[in-house]
Amino acid sequence: MTPEERINQLRSEINYHLYRYHVLDSPVISDAQYDEIYRELLALEERHPGLVTPDSPTQRAGAEPLDAFEKVTHPAPILSLANAFSEEDLHAWRKRIGRLLPQTDMHLDYVAEPKLDGLTVVLTYQDGAFVQGATRGNGEVGEDITQNLRTVISLPRRIPVDPRSDLSAPATIVVRGEVFFPLDKFEALNEARAAAGEPLYMNPRNTAAGSLRQLDPAKTAARPLTLYCYDFIAWQGIELPDRQWDRLELLRNFGFPVSPDNVYCENLSTVGQVYQRWIEKRNEINYEVDGVVVKINDRPLADTLGFVGKDPRGSIAMKFPAQEKTTKLLDVQVNVGRTGILAPAAVLEAVEIGGVIVRNATLHNYDEIERKDIRIGDTVLVKRAGDVIPYIIGPVVDLRDGSERKIERPTRCPVCGEPAVQIAGEVAITCDNPACPEQLTRRVEYFVSRGAMDIDGFGSQTAVLLVEKELLHDVGDIYSLRKEDLLDLEGFKDKKVDNLLAGIEASKAQAADRVLTALGIRFVGSVVAALLVHELGGIDQIAAAGEERLQQVEGIGPQTAISVAGWFGREKNPVILQKLRSAGLNFSAQQQADQAETLAGLTFVITGTLPTMSRTEAKGFIEEHGGRVTGSVSKKTDYLLAGEKAGSKLSKAQSLGVQILDEAALQALAHSGVD
Ligand code: IVH
């Protein structure tokens with residue numbers, strides 16, 4: 001085989017395995033095997049640079065930043081849809097189109113598809129190769145975002161994706177899809193940003209939009225965007241099936257990701273049921289959905305119905321009741337974060353949104369407040385999506401009566417009273433006083449929290465109390481707390497004190513990367529901490545490394561390197577480290593009592609609300625023990641970890657005979673292998 005042939009073979013295999021892993025959620029080879037073929041391709045491409053093509057799986061984030069996006073004229077207009085808001089509207093639509101059908105009351109069947117709240121993309125494939133991807137733009141002309149779409153892992157770069165498929169690549173197809181940010185990934189991104197002391201992203205849709213329109217594809221690549229495809233816009237060299245249901249199937253067979261939640265509906269009343277069911281479960285699904293798109297299954301027939309403006313008559317969008325409501329902004333609190341960031345938080349007049357009472361919302365930062373011109377006393381539009389923290393879309397300016405007050409930027413820390421500072425080039429306003437008691441409380445809370453040292457019996461209230469009573473001056477003091485001091489505190493009886501001390505003692509066994517995470521260094525969440533400890537060997541080596549060496553670690557950027565080196569260089573911090581070291585905490589990767597991989601080889605799916613862990617934490621726990629977490633239940637799933645309000649995943653697991661665990665059973669399973 002020539003190098004070129006081998007390269008082509010490897011690319012096709014790699015694309016297939018990416019698809020098995022990211023789209024079907026059922027890999028057929030191990031990660032190590034995947035790495036092996038990927039490395040072989042990399043090595044071959046290095047030896048034969050002339051054979052590197054932009055569609056190689058190795059080139060996902062490789063392209064150079066652009067100065068601007070080129071314009072793209074779509075091969076056919078990218079249409080939108082008329083809306084319906086109730087089952088009545090749905091029946092009215094059926095009646096309207098009846099007049100245009102060969103027979104008014106002829107039987108029609110439908111396809112109901114989730115209406116994803118993402119960004120439309122138009123994808124062109126020539127002879128099976130992905131050659132261009134564009135935004136919708138004004139429906140006629142969009143922007144060329146090919147480079148950025150190449151970084152989306154679930155987007156096929158060649159079709160058919162499965163080399164064993166008996167489909168052949170058509171001369172041209174242009175496919176329409178919707179790119180979105182999965183909600184769990186969005187939550188994890190914001191958790192990591194919060195842990196790193198960075199400002200949070202507003203909402204999944206805008207973050208997805210912003211990521212797609214990055215001129216530097218490396219930035220897009222860093223965001224776990226995905227997509228679902230649902231239509232052909234243009235095609236040549238292929239005959240499409242007449243039924244929408246079969247077109248979806250064809251898309252899937254080419255290897256495009258297609259929503260698993262599409263439903264075939266025998267008649268209109270089934271469509272109504274699907275709509276009701278979706279309203280109930282919309283908060284359980286991992287992407288934002290704002291309605292159900294109802295399509296006449298017979299596409300040629302639907303096409304004969306024509307358009308109203310830009311809306312084809314053959315489909316209609318049944319919107320869900322809005323997860324947005326207006327309420328009054330009563331006040332803005334300033335919260336002091338661990339790294340000193342002064343974060344504005346909205347205090348709202350309580351309002352029910354989608355079954356949940358909302359009293360607080362994020363306001364992100366003061367630039368954002370000014371940009372949106374939000375004022376205290378304003379009626380504001382609040383949005384809630386999935387489990388994401390509610391946020392303020394903006395004020396309803398027309399409802400102002402003149403009594404509204406501007407929100408002032410803080411000039412002092414509301415707790416310690418020291419002047420607030422704004423670092424040039426950053427949006428955050430911070431309290432720069434390292435002795436600020438509020439910052440210390442936040443640092444202690446973070447140190448003992450589940451993602452860090454995970455100290456049982458040490459909650460927020462304990463942190464507040466211990467700082468207030470001056471028993472803690474830094475996190476190092478946690479390990480020298482004495483029983484007699486604690487017994488003096490209000491509400492601390494013998495048993496409670498013993499539990500707390502036992503929890504503190506047990507935490508000494510935590511691995512070095514946890515200790516590093518717990519220090520709360522800006523930009524150093526659990527992922528970065530594990531990288532650093534693994535690469536440099538331990539906390540002392542990291543402390544000694546210096547900015548330049550830190551930056552050489554793959555995955556560590558200049559910002560993080562500066563922050564880490566800065567932290568270890570600060571006067572008080574060696575003292576804290578010394579206290580932790582003498583308490584016997586793990587500082588090196590080797591000391592790390594090997595976290596037994598008790599869940600190795602097992603695949604889990606998580607659903608519902610767990611009693612103590614968030615879903616992200618449960619995922620981390622499983623992965624730390626060597627297990628794998630996927631998004632949907634299949635025959636390959638070993639266990640479903642189910643909490644309260646588990647939905648369709650639970651019934652699916654039951655029907656497939658997948659074992660079901662609660663949180664306690666998971667803990668027991670994970671610890672069963674450890675002596
Ligand atoms: S069909 C003519 N199907 O919703 C066909 N659209 O309000 C029109 N959308 O602009 C589109 N999921 O961005 C269709 N399964 C789906 C969809 C979907 C989301 C978006 C699309 C469109 C808007 C229509």
# chains A, B, ... in the order shown; residues from 1 in each chain; ligands from 1
>>> residues_around(residues="region 105-118 of chain A", least_positions_apart="3", cutoff="7 Å", atoms="only C-alpha atoms", output="ChimeraX atom specification")
/A:98,178-180,205,244-245,261-267,271,288-297
>>> closest_residue(among="A:Leu79, A:Val152, A:Leu329, A:Leu10", to="ligand 1", atoms="only C-alpha atoms and all ligand atoms")
A:Leu79
>>> select_by_dssp(residues="region 461-675 of chain A", states="alpha helix (DSSP H)", output="number ranges by chain")
A: 461-468, 483-487, 494-506, 512-518, 526-536, 539-552, 558-569, 573-582, 615-624, 648-656, 663-672
>>> atom_distance(atom1="CA of Ala435 (chain A)", atom2="CA of Phe458 (chain A)")
21.6 Å
>>> residues_around(residues="His74 (chain A)", least_positions_apart="2", cutoff="12 Å", atoms="only C-alpha atoms", output="list in words")
Lys71, Val72, Ala76, Pro77, Ile78, Leu79, Val121, Val122, Leu123, Thr124, Gln132, Gly133, Ala134, Thr135, Arg136, Gly137, Asn138, Gly139, Glu140, Val141, Gly142, Glu143, Asp144, Val174, Val175, Arg176, Ile233 and Ala234 of chain A
>>> write_last_selection(atoms="N, CA, C and O atoms", output="short mmCIF file (atom, residue, chain, number, x, y, z; two decimals), in the first residue's frame")
data_model
loop_
_atom_site.label_atom_id
_atom_site.label_comp_id
_atom_site.auth_asym_id
_atom_site.auth_seq_id
_atom_site.Cartn_x
_atom_site.Cartn_y
_atom_site.Cartn_z
N LYS A 71 -18.70 35.69 2.04
CA LYS A 71 -20.14 35.50 1.86
C LYS A 71 -20.42 34.27 1.00
O LYS A 71 -19.63 33.94 0.11
N VAL A 72 -21.53 33.61 1.28
CA VAL A 72 -21.90 32.41 0.53
C VAL A 72 -23.35 32.55 0.09
O VAL A 72 -24.21 32.84 0.92
N ALA A 76 -30.48 27.30 -2.44
CA ALA A 76 -31.93 27.51 -2.42
C ALA A 76 -32.19 28.31 -1.15
O ALA A 76 -31.38 28.26 -0.21
N PRO A 77 -33.27 29.08 -1.10
CA PRO A 77 -33.50 29.89 0.09
C PRO A 77 -33.62 29.03 1.35
O PRO A 77 -34.20 27.95 1.31
N ILE A 78 -33.04 29.50 2.44
CA ILE A 78 -33.13 28.80 3.73
C ILE A 78 -34.34 29.38 4.45
O ILE A 78 -34.30 30.47 5.01
N LEU A 79 -35.43 28.61 4.39
CA LEU A 79 -36.73 29.14 4.81
C LEU A 79 -36.91 29.09 6.32
O LEU A 79 -36.17 28.42 7.03
N VAL A 121 -27.20 25.80 10.17
CA VAL A 121 -26.02 25.77 9.30
C VAL A 121 -26.37 25.04 8.02
O VAL A 121 -27.26 24.19 8.00
N VAL A 122 -25.69 25.40 6.95
CA VAL A 122 -25.93 24.83 5.64
C VAL A 122 -24.62 24.17 5.20
O VAL A 122 -23.60 24.84 5.09
N LEU A 123 -24.68 22.83 5.02
CA LEU A 123 -23.45 22.05 4.82
C LEU A 123 -23.41 21.48 3.42
O LEU A 123 -24.36 20.79 3.01
N THR A 124 -22.35 21.74 2.68
CA THR A 124 -22.25 21.23 1.31
C THR A 124 -21.23 20.11 1.23
O THR A 124 -20.11 20.26 1.75
N GLN A 132 -18.01 22.85 2.28
CA GLN A 132 -18.37 24.19 2.74
C GLN A 132 -19.48 24.15 3.79
O GLN A 132 -20.40 23.35 3.70
N GLY A 133 -19.34 25.02 4.77
CA GLY A 133 -20.39 25.18 5.77
C GLY A 133 -20.67 26.66 5.94
O GLY A 133 -19.75 27.47 5.95
N ALA A 134 -21.97 27.01 6.01
CA ALA A 134 -22.32 28.43 6.07
C ALA A 134 -23.40 28.68 7.12
O ALA A 134 -24.16 27.78 7.47
N THR A 135 -23.44 29.91 7.58
CA THR A 135 -24.55 30.31 8.45
C THR A 135 -25.77 30.59 7.59
O THR A 135 -25.66 30.72 6.37
N ARG A 136 -26.92 30.75 8.24
CA ARG A 136 -28.13 31.02 7.48
C ARG A 136 -28.11 32.44 6.89
O ARG A 136 -28.59 32.67 5.78
N GLY A 137 -27.56 33.38 7.66
CA GLY A 137 -27.55 34.78 7.20
C GLY A 137 -28.96 35.27 7.02
O GLY A 137 -29.82 35.04 7.87
N ASN A 138 -29.21 35.92 5.87
CA ASN A 138 -30.58 36.43 5.65
C ASN A 138 -31.45 35.41 4.92
O ASN A 138 -32.52 35.73 4.44
N GLY A 139 -30.97 34.16 4.81
CA GLY A 139 -31.75 33.13 4.14
C GLY A 139 -31.32 32.94 2.70
O GLY A 139 -31.52 31.88 2.12
N GLU A 140 -30.71 33.98 2.12
CA GLU A 140 -30.24 33.89 0.73
C GLU A 140 -28.71 33.83 0.73
O GLU A 140 -28.12 33.06 0.03
N VAL A 141 -28.11 34.71 1.55
CA VAL A 141 -26.66 34.79 1.62
C VAL A 141 -26.24 34.63 3.08
O VAL A 141 -26.78 35.30 3.96
N GLY A 142 -25.31 33.71 3.31
CA GLY A 142 -24.80 33.51 4.66
C GLY A 142 -23.30 33.74 4.69
O GLY A 142 -22.73 34.25 3.73
N GLU A 143 -22.67 33.34 5.81
CA GLU A 143 -21.23 33.51 5.93
C GLU A 143 -20.55 32.15 5.92
O GLU A 143 -21.06 31.19 6.48
N ASP A 144 -19.38 32.13 5.32
CA ASP A 144 -18.61 30.89 5.20
C ASP A 144 -17.90 30.59 6.52
O ASP A 144 -16.94 31.27 6.88
N VAL A 174 -26.58 19.23 -0.20
CA VAL A 174 -26.50 20.35 0.72
C VAL A 174 -27.52 20.05 1.82
O VAL A 174 -28.70 19.81 1.54
N VAL A 175 -27.03 20.02 3.03
CA VAL A 175 -27.83 19.56 4.17
C VAL A 175 -28.02 20.70 5.15
O VAL A 175 -27.13 21.53 5.33
N ARG A 176 -29.20 20.72 5.76
CA ARG A 176 -29.46 21.75 6.76
C ARG A 176 -29.45 21.13 8.15
O ARG A 176 -29.98 20.04 8.35
N ILE A 233 -31.26 20.51 1.37
CA ILE A 233 -31.57 21.79 0.73
C ILE A 233 -31.42 21.66 -0.77
O ILE A 233 -32.16 22.24 -1.55
N ALA A 234 -30.42 20.91 -1.21
CA ALA A 234 -30.18 20.69 -2.64
C ALA A 234 -29.47 19.36 -2.80
O ALA A 234 -28.83 18.89 -1.86
#
>>> closest_residue(among="A:Leu610, A:Met318, A:Val332, A:Leu81", to="ligand 1", atoms="only C-alpha atoms and all ligand atoms")
A:Leu81
>>> closest_residue(among="A:Gly538, A:Pro312, A:Gly557, A:Pro434", to="Lys572 (chain A)", atoms="only C-alpha atoms")
A:Pro434
>>> closest_residue(among="A:Asn433, A:Asn190, A:Ser507, A:Asn203", to="Asn586 (chain A)", atoms="only C-alpha atoms")
A:Ser507
>>> closest_residue(among="A:Gly626, A:Pro300, A:Pro414, A:Gly647", to="Val334 (chain A)", atoms="only C-alpha atoms")
A:Pro414
>>> residues_around(residues="Glu249 (chain A)", least_positions_apart="4", cutoff="12 Å", atoms="only C-alpha atoms", output="list in words")
Cys229, Tyr230, Asp231, Phe232, Leu240, Pro241, Asp242, Arg243, Gln244, Trp245, Asn253, Phe254, Gly255, Phe256, Pro257, Val258, Ser259, Pro260, Asn262, Val263 and Tyr264 of chain A
>>> write_last_selection(atoms="N, CA and C atoms", output="PDB file, in the first residue's frame")
ATOM      1  N   CYS A 229     -28.969  17.175  12.107  1.00  0.00           N
ATOM      2  CA  CYS A 229     -29.361  17.554  10.746  1.00  0.00           C
ATOM      3  C   CYS A 229     -30.786  17.094  10.497  1.00  0.00           C
ATOM      4  N   TYR A 230     -31.514  17.823   9.647  1.00  0.00           N
ATOM      5  CA  TYR A 230     -32.906  17.441   9.455  1.00  0.00           C
ATOM      6  C   TYR A 230     -33.452  17.666   8.055  1.00  0.00           C
ATOM      7  N   ASP A 231     -32.630  18.148   7.135  1.00  0.00           N
ATOM      8  CA  ASP A 231     -33.221  18.358   5.809  1.00  0.00           C
ATOM      9  C   ASP A 231     -32.155  18.424   4.720  1.00  0.00           C
ATOM     10  N   PHE A 232     -32.587  18.128   3.491  1.00  0.00           N
ATOM     11  CA  PHE A 232     -31.746  18.337   2.311  1.00  0.00           C
ATOM     12  C   PHE A 232     -32.200  19.639   1.669  1.00  0.00           C
ATOM     13  N   LEU A 240     -33.926  11.429  -3.792  1.00  0.00           N
ATOM     14  CA  LEU A 240     -34.314  11.403  -2.385  1.00  0.00           C
ATOM     15  C   LEU A 240     -35.621  10.646  -2.229  1.00  0.00           C
ATOM     16  N   PRO A 241     -35.791   9.960  -1.108  1.00  0.00           N
ATOM     17  CA  PRO A 241     -37.096   9.355  -0.831  1.00  0.00           C
ATOM     18  C   PRO A 241     -38.160  10.440  -0.668  1.00  0.00           C
ATOM     19  N   ASP A 242     -39.408  10.078  -0.886  1.00  0.00           N
ATOM     20  CA  ASP A 242     -40.494  11.058  -0.795  1.00  0.00           C
ATOM     21  C   ASP A 242     -40.836  11.429   0.644  1.00  0.00           C
ATOM     22  N   ARG A 243     -40.677  10.469   1.547  1.00  0.00           N
ATOM     23  CA  ARG A 243     -41.136  10.691   2.933  1.00  0.00           C
ATOM     24  C   ARG A 243     -40.071  11.415   3.744  1.00  0.00           C
ATOM     25  N   GLN A 244     -40.468  12.380   4.535  1.00  0.00           N
ATOM     26  CA  GLN A 244     -39.547  13.056   5.441  1.00  0.00           C
ATOM     27  C   GLN A 244     -38.905  12.039   6.384  1.00  0.00           C
ATOM     28  N   TRP A 245     -39.707  11.086   6.856  1.00  0.00           N
ATOM     29  CA  TRP A 245     -39.189  10.082   7.791  1.00  0.00           C
ATOM     30  C   TRP A 245     -38.033   9.304   7.155  1.00  0.00           C
ATOM     31  N   ASN A 253     -28.097   7.375   7.744  1.00  0.00           N
ATOM     32  CA  ASN A 253     -27.262   6.363   7.101  1.00  0.00           C
ATOM     33  C   ASN A 253     -26.008   6.948   6.455  1.00  0.00           C
ATOM     34  N   PHE A 254     -26.086   8.205   6.047  1.00  0.00           N
ATOM     35  CA  PHE A 254     -24.878   8.849   5.543  1.00  0.00           C
ATOM     36  C   PHE A 254     -23.903   9.131   6.683  1.00  0.00           C
ATOM     37  N   GLY A 255     -24.431   9.113   7.913  1.00  0.00           N
ATOM     38  CA  GLY A 255     -23.565   9.369   9.063  1.00  0.00           C
ATOM     39  C   GLY A 255     -23.778  10.730   9.686  1.00  0.00           C
ATOM     40  N   PHE A 256     -24.809  11.465   9.228  1.00  0.00           N
ATOM     41  CA  PHE A 256     -25.114  12.743   9.866  1.00  0.00           C
ATOM     42  C   PHE A 256     -25.762  12.480  11.215  1.00  0.00           C
ATOM     43  N   PRO A 257     -25.452  13.292  12.226  1.00  0.00           N
ATOM     44  CA  PRO A 257     -26.184  13.144  13.478  1.00  0.00           C
ATOM     45  C   PRO A 257     -27.623  13.624  13.290  1.00  0.00           C
ATOM     46  N   VAL A 258     -28.562  12.800  13.685  1.00  0.00           N
ATOM     47  CA  VAL A 258     -29.988  13.115  13.543  1.00  0.00           C
ATOM     48  C   VAL A 258     -30.596  12.969  14.927  1.00  0.00           C
ATOM     49  N   SER A 259     -31.489  13.871  15.303  1.00  0.00           N
ATOM     50  CA  SER A 259     -32.044  13.807  16.656  1.00  0.00           C
ATOM     51  C   SER A 259     -32.709  12.455  16.915  1.00  0.00           C
ATOM     52  N   PRO A 260     -32.380  11.820  18.048  1.00  0.00           N
ATOM     53  CA  PRO A 260     -33.036  10.554  18.395  1.00  0.00           C
ATOM     54  C   PRO A 260     -34.467  10.789  18.861  1.00  0.00           C
ATOM     55  N   ASN A 262     -36.849  12.525  17.194  1.00  0.00           N
ATOM     56  CA  ASN A 262     -37.846  12.679  16.132  1.00  0.00           C
ATOM     57  C   ASN A 262     -38.880  11.564  16.251  1.00  0.00           C
ATOM     58  N   VAL A 263     -40.142  11.890  15.972  1.00  0.00           N
ATOM     59  CA  VAL A 263     -41.197  10.884  16.120  1.00  0.00           C
ATOM     60  C   VAL A 263     -42.056  10.827  14.857  1.00  0.00           C
ATOM     61  N   TYR A 264     -42.324   9.617  14.397  1.00  0.00           N
ATOM     62  CA  TYR A 264     -43.277   9.443  13.303  1.00  0.00           C
ATOM     63  C   TYR A 264     -44.690   9.517  13.889  1.00  0.00           C
TER      64      TYR A 264
END
>>> residues_around(residues="Arg313 (chain A)", least_positions_apart="2", cutoff="9 Å", atoms="only C-alpha atoms", output="NGL selection string")
:A and (81-82 or 93 or 97 or 302-303 or 305-308 or 311 or 315-316)
